[in-house]
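Student: The structure file final.pdb (PDB, C-alpha atoms) is provided below.
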```
ATOM      1  CA  MET O1282    -156.871 -86.377 138.556
ATOM      2  CA  ARG O1283    -154.067 -88.770 137.966
ATOM      3  CA  ARG O1284    -153.562 -90.475 134.563
ATOM      4  CA  SER O1285    -151.428 -93.453 133.716
ATOM      5  CA  ARG O1286    -148.218 -92.979 131.729
ATOM      6  CA  SER O1287    -149.694 -94.799 128.700
ATOM      7  CA  ALA O1288    -152.800 -92.576 128.747
ATOM      8  CA  VAL O1289    -150.663 -89.410 128.764
ATOM      9  CA  LEU O1290    -148.493 -90.773 125.919
ATOM     10  CA  GLY O1291    -151.588 -91.710 123.914
ATOM     11  CA  THR O1292    -153.058 -88.196 124.347
ATOM     12  CA  ALA O1293    -149.750 -86.576 123.334
ATOM     13  CA  LEU O1294    -149.514 -88.700 120.188
ATOM     14  CA  ALA O1295    -153.131 -87.948 119.241
ATOM     15  CA  LEU O1296    -152.501 -84.216 119.622
ATOM     16  CA  ALA O1297    -149.250 -84.412 117.647
ATOM     17  CA  PHE O1298    -150.848 -86.258 114.747
ATOM     18  CA  SER O1299    -153.755 -83.859 114.602
ATOM     19  CA  GLY O1300    -151.725 -80.688 115.176
ATOM     20  CA  GLY O1301    -153.911 -79.838 118.173
ATOM     21  CA  LEU O1302    -153.188 -77.357 120.981
ATOM     22  CA  GLY O1303    -151.168 -75.113 118.629
ATOM     23  CA  GLY O1304    -148.632 -77.862 117.996
ATOM     24  CA  THR O1305    -147.373 -79.055 114.683
ATOM     25  CA  ALA O1306    -148.619 -82.283 113.223
ATOM     26  CA  LEU O1307    -145.971 -84.986 112.809
ATOM     27  CA  GLY O1308    -146.676 -85.402 109.133
ATOM     28  CA  PRO O1309    -147.053 -82.606 106.588
ATOM     29  CA  PRO O1310    -150.355 -82.112 104.829
ATOM     30  CA  PRO O1311    -150.217 -83.571 101.300
ATOM     31  CA  SER O1312    -150.108 -80.116  99.647
ATOM     32  CA  SER O1313    -146.920 -79.116 101.448
ATOM     33  CA  ALA O1314    -144.974 -82.370 100.985
ATOM     34  CA  SER O1315    -142.788 -80.929  98.209
ATOM     35  CA  ALA O1316    -141.982 -77.800 100.232
ATOM     36  CA  VAL O1317    -140.876 -79.953 103.167
ATOM     37  CA  ALA O1318    -138.750 -82.117 100.876
ATOM     38  CA  ALA O1319    -137.011 -79.002  99.578
ATOM     39  CA  GLN O1320    -136.257 -77.879 103.159
ATOM     40  CA  HIS O1321    -134.644 -81.224 103.983
ATOM     41  CA  SER O1322    -132.243 -81.249 101.050
ATOM     42  CA  ASP O1323    -128.501 -81.587 101.557
ATOM     43  CA  PRO O1324    -126.994 -78.236 102.632
ATOM     44  CA  ALA O1325    -124.317 -78.522  99.906
ATOM     45  CA  SER O1326    -127.057 -78.599  97.274
ATOM     46  CA  MET O1327    -128.312 -75.241  98.555
ATOM     47  CA  VAL O1328    -125.140 -73.556  97.259
ATOM     48  CA  PRO O1329    -125.960 -72.235  93.786
ATOM     49  CA  VAL O1330    -124.126 -74.097  91.042
ATOM     50  CA  GLN O1331    -122.266 -71.704  88.772
ATOM     51  CA  ALA O1332    -121.230 -72.158  85.150
ATOM     52  CA  GLY O1333    -118.065 -74.211  85.165
ATOM     53  CA  ASP O1334    -118.627 -76.040  88.459
ATOM     54  CA  ASP O1335    -119.684 -79.239  86.651
ATOM     55  CA  ALA O1336    -116.596 -79.057  84.420
ATOM     56  CA  ILE O1337    -114.387 -78.641  87.495
ATOM     57  CA  VAL O1338    -115.994 -81.628  89.234
ATOM     58  CA  GLN O1339    -115.731 -83.778  86.085
ATOM     59  CA  HIS O1340    -112.056 -82.899  85.639
ATOM     60  CA  TYR O1341    -111.361 -83.621  89.306
ATOM     61  CA  GLU O1342    -112.961 -87.047  88.930
ATOM     62  CA  GLN O1343    -110.983 -87.727  85.714
ATOM     63  CA  LEU O1344    -107.770 -87.001  87.619
ATOM     64  CA  GLY O1345    -108.729 -89.526  90.308
ATOM     65  CA  GLY O1346    -110.766 -87.454  92.757
ATOM     66  CA  SER O1347    -109.636 -87.488  96.379
ATOM     67  CA  ALA O1348    -107.194 -90.334  95.639
ATOM     68  CA  SER O1349    -105.300 -88.105  93.162
ATOM     69  CA  PHE O1350    -102.411 -85.717  93.850
ATOM     70  CA  LEU O1351    -105.026 -82.948  94.255
ATOM     71  CA  GLY O1352    -106.414 -84.496  97.446
ATOM     72  CA  THR O1353    -109.687 -83.304  98.919
ATOM     73  CA  PRO O1354    -111.654 -80.098  98.205
ATOM     74  CA  VAL O1355    -111.001 -77.046 100.372
ATOM     75  CA  GLY O1356    -114.184 -74.977 100.662
ATOM     76  CA  SER O1357    -116.449 -74.428  97.662
ATOM     77  CA  ALA O1358    -115.833 -73.312  94.093
ATOM     78  CA  TYR O1359    -115.511 -69.534  93.734
ATOM     79  CA  ASP O1360    -115.509 -66.798  91.080
ATOM     80  CA  ILE O1361    -112.129 -65.597  89.853
ATOM     81  CA  ALA O1362    -111.161 -63.287  86.967
ATOM     82  CA  GLY O1363    -114.183 -64.096  84.786
ATOM     83  CA  GLY O1364    -114.110 -67.825  85.547
ATOM     84  CA  ARG O1365    -114.323 -70.273  88.427
ATOM     85  CA  ALA O1366    -111.823 -72.094  90.625
ATOM     86  CA  GLN O1367    -111.843 -74.864  93.212
ATOM     87  CA  ASP O1368    -108.985 -75.298  95.670
ATOM     88  CA  TYR O1369    -107.862 -78.719  96.866
ATOM     89  CA  THR O1370    -105.307 -79.730  99.471
ATOM     90  CA  GLY O1371    -102.788 -80.352  96.641
ATOM     91  CA  GLY O1372    -103.619 -77.711  94.000
ATOM     92  CA  THR O1373    -106.368 -75.824  92.180
ATOM     93  CA  ILE O1374    -108.594 -76.476  89.166
ATOM     94  CA  TYR O1375    -109.381 -73.326  87.169
ATOM     95  CA  PHE O1376    -112.189 -72.974  84.618
ATOM     96  CA  SER O1377    -113.104 -70.388  82.017
ATOM     97  CA  ALA O1378    -115.499 -70.761  79.087
ATOM     98  CA  GLY O1379    -112.633 -70.188  76.636
ATOM     99  CA  THR O1380    -110.112 -72.594  78.196
ATOM    100  CA  GLY O1381    -112.077 -75.321  79.962
ATOM    101  CA  ALA O1382    -110.990 -76.845  83.283
ATOM    102  CA  HIS O1383    -107.283 -77.421  84.046
ATOM    103  CA  GLU O1384    -105.286 -78.028  87.198
ATOM    104  CA  VAL O1385    -102.225 -76.213  88.512
ATOM    105  CA  HIS O1386    -100.225 -77.473  91.502
ATOM    106  CA  GLY O1387     -96.861 -77.491  93.271
ATOM    107  CA  ALA O1388     -94.139 -74.955  92.541
ATOM    108  CA  ILE O1389     -95.787 -73.957  89.261
ATOM    109  CA  ARG O1390     -98.981 -73.063  91.136
ATOM    110  CA  GLY O1391     -96.964 -71.074  93.673
ATOM    111  CA  ARG O1392     -95.296 -69.011  90.942
ATOM    112  CA  TYR O1393     -98.582 -68.647  89.052
ATOM    113  CA  LEU O1394    -100.266 -67.187  92.131
ATOM    114  CA  GLU O1395     -97.310 -64.829  92.743
ATOM    115  CA  LEU O1396     -97.805 -63.539  89.183
ATOM    116  CA  GLY O1397    -101.527 -62.866  89.767
ATOM    117  CA  GLY O1398    -103.080 -66.232  88.832
ATOM    118  CA  PRO O1399    -105.913 -65.976  86.273
ATOM    119  CA  ALA O1400    -106.179 -62.208  86.869
ATOM    120  CA  GLY O1401    -102.499 -61.734  85.981
ATOM    121  CA  PHE O1402    -100.908 -61.515  82.529
ATOM    122  CA  LEU O1403    -100.703 -65.320  82.231
ATOM    123  CA  GLY O1404    -104.505 -65.721  82.382
ATOM    124  CA  PHE O1405    -106.192 -69.103  82.713
ATOM    125  CA  PRO O1406    -104.354 -72.413  82.213
ATOM    126  CA  LEU O1407    -104.609 -74.130  78.823
ATOM    127  CA  THR O1408    -103.108 -77.421  80.031
ATOM    128  CA  ASP O1409    -102.763 -79.431  83.203
ATOM    129  CA  GLU O1410     -99.259 -79.565  84.638
ATOM    130  CA  SER O1411     -97.382 -82.009  82.406
ATOM    131  CA  ALA O1412     -93.970 -83.603  82.070
ATOM    132  CA  THR O1413     -91.648 -81.570  79.843
ATOM    133  CA  PRO O1414     -90.993 -83.551  76.623
ATOM    134  CA  GLY O1415     -87.383 -84.597  76.156
ATOM    135  CA  THR O1416     -86.089 -83.566  79.596
ATOM    136  CA  ALA O1417     -86.815 -83.955  83.307
ATOM    137  CA  GLY O1418     -89.129 -81.143  84.331
ATOM    138  CA  ARG O1419     -92.699 -79.873  84.345
ATOM    139  CA  TYR O1420     -94.738 -77.117  82.674
ATOM    140  CA  ASN O1421     -98.177 -75.524  82.402
ATOM    141  CA  ASN O1422     -99.305 -73.501  79.390
ATOM    142  CA  PHE O1423    -101.508 -70.464  80.018
ATOM    143  CA  THR O1424    -103.331 -68.074  77.684
ATOM    144  CA  GLY O1425    -100.523 -65.531  78.150
ATOM    145  CA  GLY O1426     -97.425 -67.746  78.360
ATOM    146  CA  ALA O1427     -96.010 -70.757  80.207
ATOM    147  CA  ILE O1428     -94.353 -71.656  83.479
ATOM    148  CA  TYR O1429     -91.525 -74.201  83.400
ATOM    149  CA  PHE O1430     -90.135 -76.052  86.409
ATOM    150  CA  SER O1431     -87.113 -78.223  87.117
ATOM    151  CA  THR O1432     -85.636 -79.149  90.481
ATOM    152  CA  GLY O1433     -82.402 -77.348  89.560
ATOM    153  CA  THR O1434     -83.964 -74.090  88.353
ATOM    154  CA  GLY O1435     -87.317 -73.714  90.131
ATOM    155  CA  ALA O1436     -90.443 -72.357  88.439
ATOM    156  CA  HIS O1437     -90.194 -69.444  85.965
ATOM    157  CA  GLU O1438     -92.521 -67.956  83.364
ATOM    158  CA  VAL O1439     -91.749 -67.279  79.708
ATOM    159  CA  HIS O1440     -94.148 -65.359  77.448
ATOM    160  CA  GLY O1441     -94.520 -63.264  74.298
ATOM    161  CA  ALA O1442     -91.839 -63.105  71.589
ATOM    162  CA  ILE O1443     -89.188 -64.532  73.919
ATOM    163  CA  ARG O1444     -91.305 -67.614  74.501
ATOM    164  CA  GLY O1445     -91.908 -67.993  70.763
ATOM    165  CA  ARG O1446     -88.152 -67.945  70.035
ATOM    166  CA  TYR O1447     -87.430 -70.174  73.046
ATOM    167  CA  LEU O1448     -89.803 -72.826  71.679
ATOM    168  CA  GLU O1449     -88.277 -72.516  68.175
ATOM    169  CA  LEU O1450     -84.910 -73.317  69.759
ATOM    170  CA  GLY O1451     -86.262 -76.442  71.464
ATOM    171  CA  GLY O1452     -87.594 -74.978  74.716
ATOM    172  CA  PRO O1453     -86.348 -76.714  77.865
ATOM    173  CA  ALA O1454     -85.152 -79.732  75.850
ATOM    174  CA  GLY O1455     -83.025 -77.502  73.591
ATOM    175  CA  PHE O1456     -79.548 -76.126  74.264
ATOM    176  CA  LEU O1457     -80.965 -73.252  76.363
ATOM    177  CA  GLY O1458     -82.489 -75.616  78.938
ATOM    178  CA  PHE O1459     -84.910 -74.428  81.600
ATOM    179  CA  PRO O1460     -85.335 -70.706  82.319
ATOM    180  CA  LEU O1461     -83.417 -69.328  85.324
ATOM    181  CA  THR O1462     -85.514 -66.144  85.593
ATOM    182  CA  ASP O1463     -88.918 -64.835  84.629
ATOM    183  CA  GLU O1464     -89.022 -62.480  81.657
ATOM    184  CA  THR O1465     -87.583 -59.210  82.950
ATOM    185  CA  ALA O1466     -86.986 -55.641  81.736
ATOM    186  CA  THR O1467     -83.442 -55.166  80.420
ATOM    187  CA  PRO O1468     -81.559 -52.851  82.826
ATOM    188  CA  GLY O1469     -80.562 -49.476  81.366
ATOM    189  CA  THR O1470     -82.352 -49.845  78.043
ATOM    190  CA  ALA O1471     -85.774 -50.586  76.570
ATOM    191  CA  GLY O1472     -85.999 -54.321  76.107
ATOM    192  CA  ARG O1473     -86.720 -57.672  77.745
ATOM    193  CA  TYR O1474     -84.660 -60.755  78.545
TER     194      TYR O1474
END
```
Would it be possible to restate this file's structure as C-alpha coordinates?

Tutor:
Amino acid sequence: MRRSRSAVLGTALALAFSGGLGGTALGPPPSSASAVAAQHSDPASMVPVQAGDDAIVQHYEQLGGSASFLGTPVGSAYDIAGGRAQDYTGGTIYFSAGTGAHEVHGAIRGRYLELGGPAGFLGFPLTDESATPGTAGRYNNFTGGAIYFSTGTGAHEVHGAIRGRYLELGGPAGFLGFPLTDETATPGTAGRY
(Lines of atoms letter the chains of each structure in order from A and count residues from 1; the text may use other names and numbers.)
(Lines give C-alpha, C1' and ligand atoms only; values in the text may rest on other atoms or scores of the structure.)
Protein backbone atom coordinates (compact mmCIF):
# COMPACT_ATOMS: atom_id res chain seq x y z
CA MET A 1 0.00 0.00 0.00
CA ARG A 2 1.42 3.27 -1.09
CA ARG A 3 0.56 6.55 0.73
CA SER A 4 1.10 10.09 -0.41
CA ARG A 5 3.80 12.21 1.22
CA SER A 6 1.18 14.50 2.83
CA ALA A 7 -0.68 11.50 4.30
CA VAL A 8 2.53 10.14 5.86
CA LEU A 9 3.39 13.60 7.27
CA GLY A 10 -0.12 13.99 8.67
CA THR A 11 0.07 10.57 10.39
CA ALA A 12 3.51 11.39 11.85
CA LEU A 13 2.28 14.71 13.24
CA ALA A 14 -0.82 13.08 14.75
CA LEU A 15 1.34 10.46 16.47
CA ALA A 16 3.80 13.08 17.71
CA PHE A 17 1.09 15.26 19.21
CA SER A 18 -0.56 12.33 20.92
CA GLY A 19 2.66 10.62 22.04
CA GLY A 20 1.59 7.44 20.22
CA LEU A 21 3.77 4.47 19.23
CA GLY A 22 6.06 4.99 22.25
CA GLY A 23 7.09 8.43 21.02
CA THR A 24 7.13 11.61 22.98
CA ALA A 25 4.43 14.18 22.50
CA LEU A 26 5.62 17.51 21.10
CA GLY A 27 4.15 19.47 23.97
CA PRO A 28 4.49 18.64 27.66
CA PRO A 29 1.41 17.77 29.67
CA PRO A 30 0.30 20.77 31.76
CA SER A 31 1.50 19.20 35.04
CA SER A 32 5.09 18.91 33.84
CA ALA A 33 5.42 22.37 32.24
CA SER A 34 7.46 23.76 35.15
CA ALA A 35 9.82 20.78 35.15
CA VAL A 36 10.47 21.25 31.44
CA ALA A 37 11.07 24.97 31.94
CA ALA A 38 13.66 24.18 34.60
CA GLN A 39 15.45 21.78 32.20
CA HIS A 40 15.67 24.47 29.52
CA SER A 41 17.28 27.11 31.72
CA ASP A 42 20.58 28.72 30.79
CA PRO A 43 23.49 26.39 31.64
CA ALA A 44 25.27 29.22 33.51
CA SER A 45 22.31 29.48 35.87
CA MET A 46 22.79 25.82 36.79
CA VAL A 47 26.08 26.68 38.53
CA PRO A 48 25.25 27.22 42.21
CA VAL A 49 25.63 30.84 43.28
CA GLN A 50 27.85 31.13 46.33
CA ALA A 51 27.93 33.85 48.98
CA GLY A 52 29.93 36.71 47.55
CA ASP A 53 29.28 36.03 43.86
CA ASP A 54 26.70 38.84 43.66
CA ALA A 55 29.13 41.26 45.34
CA ILE A 56 31.84 40.29 42.84
CA VAL A 57 29.50 40.81 39.88
CA GLN A 58 28.28 44.16 41.26
CA HIS A 59 31.85 45.38 41.80
CA TYR A 60 32.84 44.25 38.31
CA GLU A 61 29.95 46.22 36.85
CA GLN A 62 30.85 49.30 38.96
CA LEU A 63 34.37 49.17 37.51
CA GLY A 64 32.97 49.14 33.97
CA GLY A 65 32.44 45.44 33.27
CA SER A 66 34.10 44.03 30.17
CA ALA A 67 34.99 47.55 28.98
CA SER A 68 37.14 48.09 32.11
CA PHE A 69 40.83 47.27 32.62
CA LEU A 70 39.69 43.90 34.05
CA GLY A 71 38.40 42.71 30.68
CA THR A 72 36.23 39.62 30.40
CA PRO A 73 35.64 36.82 32.95
CA VAL A 74 37.87 33.75 32.80
CA GLY A 75 35.92 30.70 33.99
CA SER A 76 33.57 30.91 36.97
CA ALA A 77 33.92 32.28 40.49
CA TYR A 78 35.69 29.88 42.86
CA ASP A 79 36.32 29.32 46.58
CA ILE A 80 39.61 30.59 47.97
CA ALA A 81 40.89 30.88 51.56
CA GLY A 82 37.46 31.30 53.17
CA GLY A 83 36.14 33.63 50.45
CA ARG A 84 35.48 33.77 46.73
CA ALA A 85 37.38 35.01 43.68
CA GLN A 86 36.70 35.62 40.01
CA ASP A 87 39.53 35.88 37.49
CA TYR A 88 39.35 38.21 34.50
CA THR A 89 41.70 38.67 31.56
CA GLY A 90 43.19 41.73 33.34
CA GLY A 91 43.04 40.87 37.06
CA THR A 92 41.02 39.27 39.85
CA ILE A 93 38.21 40.37 42.17
CA TYR A 94 38.43 38.81 45.64
CA PHE A 95 35.59 38.69 48.19
CA SER A 96 35.35 37.80 51.85
CA ALA A 97 32.52 38.59 54.27
CA GLY A 98 34.88 40.74 56.37
CA THR A 99 36.43 42.75 53.52
CA GLY A 100 33.88 42.92 50.71
CA ALA A 101 34.84 42.72 47.03
CA HIS A 102 38.06 44.36 45.76
CA GLU A 103 40.18 43.99 42.65
CA VAL A 104 43.89 43.32 42.31
CA HIS A 105 45.72 43.52 38.97
CA GLY A 106 49.04 44.06 37.21
CA ALA A 107 52.38 43.81 38.99
CA ILE A 108 50.71 44.12 42.40
CA ARG A 109 48.56 41.07 41.62
CA GLY A 110 51.64 39.16 40.46
CA ARG A 111 53.48 39.86 43.73
CA TYR A 112 50.34 39.16 45.77
CA LEU A 113 49.99 35.72 44.18
CA GLU A 114 53.71 34.99 44.74
CA LEU A 115 53.14 35.74 48.44
CA GLY A 116 50.19 33.31 48.65
CA GLY A 117 47.26 35.56 47.68
CA PRO A 118 44.36 35.50 50.18
CA ALA A 119 45.77 32.34 51.81
CA GLY A 120 49.10 34.08 52.49
CA PHE A 121 49.98 36.46 55.33
CA LEU A 122 48.55 39.46 53.44
CA GLY A 123 45.02 38.01 53.42
CA PHE A 124 42.19 39.54 51.40
CA PRO A 125 42.39 43.00 49.81
CA LEU A 126 40.84 45.94 51.68
CA THR A 127 41.06 48.33 48.72
CA ASP A 128 41.13 48.25 44.95
CA GLU A 129 44.47 49.12 43.39
CA SER A 130 44.75 52.90 43.71
CA ALA A 131 47.09 55.73 42.81
CA THR A 132 49.59 56.46 45.58
CA PRO A 133 48.78 59.90 47.08
CA GLY A 134 51.49 62.49 46.57
CA THR A 135 53.70 60.48 44.19
CA ALA A 136 53.57 58.46 40.98
CA GLY A 137 52.84 54.86 41.89
CA ARG A 138 50.16 52.37 42.90
CA TYR A 139 49.16 50.38 45.99
CA ASN A 140 46.68 47.86 47.39
CA ASN A 141 45.95 47.51 51.11
CA PHE A 142 45.33 44.01 52.47
CA THR A 143 44.25 42.73 55.88
CA GLY A 144 47.88 41.87 56.68
CA GLY A 145 49.79 44.72 55.00
CA ALA A 146 50.16 46.54 51.68
CA ILE A 147 51.88 46.17 48.33
CA TYR A 148 53.35 49.29 46.74
CA PHE A 149 54.39 49.63 43.10
CA SER A 150 56.34 52.15 41.05
CA THR A 151 57.90 51.67 37.63
CA GLY A 152 61.35 52.28 39.12
CA THR A 153 61.07 49.88 42.06
CA GLY A 154 58.55 47.19 41.09
CA ALA A 155 55.99 45.74 43.51
CA HIS A 156 56.95 45.06 47.16
CA GLU A 157 55.00 44.36 50.33
CA VAL A 158 55.30 46.16 53.66
CA HIS A 159 53.53 44.92 56.81
CA GLY A 160 53.48 44.92 60.61
CA ALA A 161 55.44 47.43 62.70
CA ILE A 162 57.66 48.38 59.76
CA ARG A 163 54.61 49.37 57.74
CA GLY A 164 53.24 51.37 60.67
CA ARG A 165 56.48 53.38 60.97
CA TYR A 166 56.77 53.70 57.18
CA LEU A 167 53.32 55.30 57.04
CA GLU A 168 54.17 57.62 59.97
CA LEU A 169 57.14 58.83 57.93
CA GLY A 170 54.97 59.59 54.90
CA GLY A 171 54.97 56.21 53.14
CA PRO A 172 55.95 56.33 49.46
CA ALA A 173 55.42 60.11 49.34
CA GLY A 174 57.82 60.64 52.27
CA PHE A 175 61.61 60.81 52.18
CA LEU A 176 61.90 56.99 52.17
CA GLY A 177 60.05 56.66 48.86
CA PHE A 178 58.85 53.32 47.53
CA PRO A 179 60.12 50.05 49.05
CA LEU A 180 62.95 48.30 47.17
CA THR A 181 62.42 44.93 48.90
CA ASP A 182 59.73 43.01 50.72
CA GLU A 183 60.06 42.84 54.50
CA THR A 184 62.91 40.42 55.13
CA ALA A 185 64.68 38.75 58.07
CA THR A 186 67.81 40.66 59.12
CA PRO A 187 70.88 38.53 58.26
CA GLY A 188 72.88 37.30 61.26
CA THR A 189 70.52 38.56 63.95
CA ALA A 190 66.89 38.38 65.05
CA GLY A 191 65.08 41.23 63.37
CA ARG A 192 63.36 42.46 60.21
CA TYR A 193 64.09 45.17 57.65

Student: Could you give me, as number ranges by chain, the residues within 6 Å of range 1382-1388 of chain O, counting all atoms listed in the file and dropping anything in the same chain fewer than 6 positions from it?

Tutor: O: 1337, 1372-1376, 1408-1410

Student: Which residues fall under the PyMOL selection byres ((chain O and resi 1345-1356) around 7) in this file, as a list in words?

Tutor: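 So the PyMOL selection byres ((chain O and resi 1345-1356) around 7), applied here, picks out Tyr1341, Glu1342, Gln1343, Leu1344, Ser1357, Ala1358, Asp1368, Tyr1369, Thr1370, Gly1371 and Gly1372 of chain O.
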
Student: Report as a list in words all protein, DNA and RNA residues lying within 8 Å of range 1377-1379 of chain O, evaluated on all atoms listed in the file, omitting residues in the same chain fewer than 5 positions from it.

Tutor: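 Residues near the query, excluding close chain neighbours: Gly1333, Gly1363, Gly1364, Arg1365 and Phe1405 of chain O.
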
Student: Using the chain letters and numbering of this document, enumerate as a JSON list (two decimals) with C-alpha atoms, keeping the file's coordinate frame the residues selected by the PyMOL selection byres ((chain O and resi 1425) around 9).

Tutor:
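Result written to out_19.json:
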```
[["chain", "number", "residue", "atom", "x", "y", "z"],
["O", 1401, "GLY", "CA", -102.50, -61.73, 85.98],
["O", 1402, "PHE", "CA", -100.91, -61.52, 82.53],
["O", 1403, "LEU", "CA", -100.70, -65.32, 82.23],
["O", 1404, "GLY", "CA", -104.50, -65.72, 82.38],
["O", 1405, "PHE", "CA", -106.19, -69.10, 82.71],
["O", 1406, "PRO", "CA", -104.35, -72.41, 82.21],
["O", 1422, "ASN", "CA", -99.30, -73.50, 79.39],
["O", 1423, "PHE", "CA", -101.51, -70.46, 80.02],
["O", 1424, "THR", "CA", -103.33, -68.07, 77.68],
["O", 1426, "GLY", "CA", -97.42, -67.75, 78.36],
["O", 1427, "ALA", "CA", -96.01, -70.76, 80.21],
["O", 1440, "HIS", "CA", -94.15, -65.36, 77.45],
["O", 1441, "GLY", "CA", -94.52, -63.26, 74.30]]
```

Student: I want to know what sits within 7 Å of Ile1428 in chain O, based on all atoms listed in the file, with residues of the same chain fewer than 2 positions away left out; could you give that as a CSV table (one decimal) with C-alpha atoms, keeping the file's coordinate frame?

Tutor:
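The result, written out as selection_26.csv:
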```csv
chain,number,residue,atom,x,y,z
O,1389,ILE,CA,-95.8,-74.0,89.3
O,1420,TYR,CA,-94.7,-77.1,82.7
O,1421,ASN,CA,-98.2,-75.5,82.4
O,1422,ASN,CA,-99.3,-73.5,79.4
O,1430,PHE,CA,-90.1,-76.1,86.4
O,1436,ALA,CA,-90.4,-72.4,88.4
O,1437,HIS,CA,-90.2,-69.4,86.0
O,1438,GLU,CA,-92.5,-68.0,83.4
O,1439,VAL,CA,-91.7,-67.3,79.7
```

Student: Distance CA of Gly1458 in chain O-CA of Arg1390 in chain O, one decimal place?

Tutor: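 For CA of Gly1458 in chain O relative to CA of Arg1390 in chain O, the distance reads 20.7 Å.
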
Student: Just to confirm, what's the straight-line distance from CA of Leu1407 in chain O to CA of Ala1336 in chain O in Å (one decimal)?

Tutor: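 Pair CA of Leu1407 in chain O / CA of Ala1336 in chain O returns 14.1 Å.
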